[in-house]
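**Q** Once you've had a glance at the structure underneath, I'll fire off some questions.
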Amino acid sequence: MISRRNFIVTTGLATTAVLASPSFAFSMNKKEIGLQLYTLREELPKDVKGTLEKVAKAGYTNVETYGFSTKDQFWGLTPKELKKILDENGLKAVSGHYNLGSFLYDGNTEELIASIEAAKILKSEFLTVPWVDEPFRRNIEDYKKIADRVNEAAKMCKKAGLKVAYHNHDFEFQKHNGVTGFEILLKETDKDLVFFELDLYWVIHSGNDPLKLFKENLGRFKMWHVKDKDKKNNDLNTEVGSGTIDFKPLFAAAKQSGMIHFFVEQENNFASNSYDSIKSSCDFISENLI
């Protein structure tokens with residue numbers, strides 16, 4: 001495969017065109033498509049090995065984990081056992097969603113330390129904050145407290161060779177005295193330590209424009225969640241390419257976003273079954289977006 005450096009040298013003025021192309025963000029590596037495993041939350045706990053085999057066969061190379069706990073680990077598997085299954089199927093857990101509520105709300109580090117150790121064993125790049133419970137995000141001061149805790153977590157993760165990311169839903173875009181929670185998180189977190197996993201569906205669902213966010217916050221959105229909005233009911237998901245979201249201009253701006261990984265996610269409304277749905281989304285992305 002020709003390297004990016006050689007490609008630029010040999011193409012000269014064509015570089016500008018390459019920068020504008022949707023595939024530029026992926027030109028240094030093979031096309032990598034990720035899946036947030038929460039999509040398969042009904043199947044995964046019953047048969048981790050068989051489910052991950054199907055994920056790989058569907059065309060995915062990366063996954064994002066969910067559901068780790070100090071009691072049950074990953075659906076009854078230790079991080080080492082899960083890593084072995086991932087390796088056997090050519091899958092990399094480049095990110096994981098870890099429930100850090102006890103740290104975010106109370107400052108208890110036990111859960112965070114266990115999550116860091118699990119992420120290290122999986123050789124992940126990112127430890128991602130997936131959710132903030134409603135009682136802890138009611139006003140500006142709440143969001144500032146969350147930002148402070150995320151900064152603390154990021155410092156701990158950096159020592160372990162990990163990065164921290166924050167994953168949004170739509171509630172972060174609600175205004176508090178004219179300021180959104182998302183604006184507070186962006187402003188109050190250390191841009192060199194804290195990154196964001198932008199859920200494109202939830203940004204659009206909240207009435208906001210991902211492209212505007214890219215321009216205003218260059219390079220901070222290192223990861224995306226890619227899921228489409230159903231044409232008949234915009235509160236439901238659908239397979240990527242089958243709904244109302246035009247992903248082409250978003251992928252064309254991947255470099256501006258800073259995106260290095262993205263994950264298909266579908267939480268509901270599967271066309272026939274979840275495996276057919278993840279295959280359909282993967283095929284559409286591979287053929288049309290990267």
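In the structure tokens, chains take letters A, B, ... by order of appearance, with residues numbered from 1 within each chain and ligands from 1 in the order shown.
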What lies within 12 Å of A:Val203 using only C-alpha atoms, ignoring chain neighbours under 3 positions off, as an MDAnalysis selection string?
**A** chainID A and resid 167:174 182 197:200 206:214 224:229 245
**Q** List every residue of stretch 36-161 of chain A that DSSP, applied to the backbone, labels as helix (DSSP H, G or I), and write the result as a ChimeraX atom specification.
**A** /A:37-40,48-57,79-88,101-106,110-121,134-136,140-159
**Q** Quick one: which stretch 215-290 of chain A residues come within 12 Å of stretch 75-93 of chain A, and what is the nearest atom pair for each with the distance in Å to one decimal, counting only C-alpha atoms, rows ordered by chain and ascending number, as a tab-separated table?
**A**
```
residue	atom	partner	partner_atom	distance
A:His261	CA	A:Ala93	CA	10.9
A:Phe262	CA	A:Ala93	CA	11.9
A:Phe263	CA	A:Ala93	CA	10.9
```
**Q** List the spatial neighbours of stretch 277-290 of chain A as a ChimeraX atom specification - criterion: any atom at most 9 Å away, only C-alpha atoms, same-chain residues fewer than 4 positions off excluded.
**A** /A:22-26,31-35,39,55,57-60,227,238-242,247-248,251-252,264-266,270-273
**Q** Just to confirm, what's the straight-line distance from atom CA of A:His97 to atom CA of A:Arg137 in Å (one decimal)?
**A** 18.8 Å
